[in-house]
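First comes the structure, then the notes that go with it.
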Amino acid sequence: MGNRTPLYETHVASGAKIVDFGGWDMPLNYGSQIEEHHAVRRDAGMFDVSHMCPVDVRGGDARAFLRHLVANNVDRLAQPGKALYSCMLNPAGGVVDDLIIYFMGDDWFRVVVNASTAGKDLAWMEKVRSERAFSVKITPRRDLAMIAIQGPNARAKFWQVRPAAKAATENLGAFFAAAVGDLFVARTGYTGEDGFEVMLPAGQAAALWTDLKAAGVAEAGLGARDTLRLEAGMNLYGNDMDETVSPLDAGLAWTVDLKTPREFVGRAALEQQLADAGARKALVGLKLLDKGVLRSHQKVVTTQGDGEITSGTFAPTLGFSVAMARVPQGVKPGDSVQVDVRGKMLSAQVVKMPFVRNGKPMI
């Protein structure tokens with residue numbers, strides 16, 4: 001038996017198909033993955049993301065610690081509630097994890113890390129803290145549940161069931177969060193749609209889920225979450241990057257700040273990689289032109305050399321298969337490539353990501 005979120009019994013009662021995900025018993029779908037996907041694109045759906053771990057970093061050195069820990073620059077977080085997406089790197093420049101950091105005050109930042117990497121991440125954060133003797137306390141908040149409500153009508157439906165939260169969250173910009181009583185409401189998501197991710201005491205999660213369901217928010221599982229995030233061109237840790245992959249090779253150069261003279265773990269390795277441009281890879285989008293489905297680990301043949309699909313699926317919004325692939329540096333949007341799908345060479349075109357944004361096809 002794996003770890004269970006505070007909503008596990010609720011999922012079972014809803015007839016969810018439960019699967020193991022990074023050591024957690026999680027809902028794959030509640031009947032139809034495709035319908036759940038479309039509900040998020042067209043109306044509103046919700047995901048139990050309580051397996052992800054919020055970590056509070058508190059203390060006088062909170063900012064200095066995070067400045068050294070991650071590749072993006074937390075000094076960009078000046079306004080309370082502002083969020084930043086970044087990677088935490090090892091000394092070789094590989095990705096320990098990707099995470100979101102919320103700035104709540106000079107002595108309080110909240111970091112959300114991935115489920116399967118939470119134990120490793122916490123140990124790494126402690127190691128980095130103790131090496132420099134930063135004055136911070138790192139506290140995993142396993143007492144909190146997290147529900148992501150996503151889709152064009154997601155915010156309105158959340159306010160319908162929690163009207164008291166509306167005043168504090170109505171004017172939240174994208175990538176901002178607000179603490180409202182027991183609720184921590186963030187306007188960050190993983191679907192390419194608008195919405196909220198709500199952290200709240202574990203004991204209150206089932207009531208919020210039930211209320212949202214009554215308001216017409218569709219229950220959605222990991223299956224729809226994966227097709228939605230891939231359409232939105234968002235990386236999945238363990239698929240599109242890991243400890244052996246640099247953010248520069250994972251389409252995440254935009255999350256790395258090398259402009260400011262700031263020492264952070266992995267910086268020297270990244271600078272070395274930039275100097276050795278020939279060894280670099282690119283993460284590109286692929287659109288399958290033939291019939292079939294693109295999947296991770298399939299070989300991609302290009303005029304510049306071979307590459308590999310990191311994430312691939314059938315895209316319900318588009319009606320054809322798309323993928324992200326790590327390929328040689330010179331491969332560009334518009335290029336034709338071949339993908340080895342079970343021994344058959346299928347034609348695909350390199351396209352710019354995202355594939356879908358705010359419900360609309362971009363390719």
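Simple scheme: letters A, B, ... for chains in structure tokens order, numbers from 1 for residues in each chain, numbers from 1 for ligands in the order shown.
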
Got a sec: who's within 12 Å of Met146 (chain A), counting only C-alpha atoms, leaving out chain neighbours fewer than 2 positions off, as an NGL selection string?
:A and (5-7 or 46-54 or 112 or 115 or 141-144 or 148-149 or 183-186 or 189 or 196-206 or 208-209)

Quick one: everything within 12 Å of Ala92 (chain A), counting only C-alpha atoms, minus sequence neighbours fewer than 3 positions away in the same chain. Send it as a ChimeraX atom specification.
/A:88-89,95-96,242-247,264-273

Could you give me, as CSV, every region 81-160 of chain A residue with an atom at most 12 Å from region 229-241 of chain A, plus its closest atom pair and distance in Å to one decimal, counting only C-alpha atoms, rows ordered by chain then number?
residue,atom,partner,partner_atom,distance
A:Tyr85,CA,A:Met234,CA,11.6
A:Ser86,CA,A:Asn235,CA,11.8
A:Cys87,CA,A:Met241,CA,10.2
A:Met88,CA,A:Tyr237,CA,11.7
A:Leu89,CA,A:Met241,CA,11.2
A:Gly93,CA,A:Met241,CA,11.5
A:Gly94,CA,A:Met241,CA,8.3
A:Val95,CA,A:Met241,CA,6.7
A:Val96,CA,A:Tyr237,CA,9.1
A:Asp97,CA,A:Tyr237,CA,6.8
A:Asp98,CA,A:Tyr237,CA,7.0
A:Leu99,CA,A:Tyr237,CA,9.8
A:Val113,CA,A:Tyr237,CA,10.3
A:Asn114,CA,A:Tyr237,CA,7.9
A:Ala115,CA,A:Tyr237,CA,10.0
A:Ser116,CA,A:Gly238,CA,9.2
A:Thr117,CA,A:Tyr237,CA,9.0
A:Ala118,CA,A:Tyr237,CA,12.0
A:Gln150,CA,A:Arg229,CA,11.5

Determine which residues of region 167-330 of chain A DSSP labels as helix (DSSP H, G or I) from the backbone of this structure, then write them out as a VMD selection string.
chain A and resid 167 to 169 202 to 214 222 to 231 247 to 249 253 to 255 267 to 275 277 to 279

Atom-to-atom span, CA of Arg42 (chain A) and CA of His11 (chain A), Å:
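Atom-to-atom, CA of Arg42 (chain A) and CA of His11 (chain A) are spaced 22.5 Å apart.
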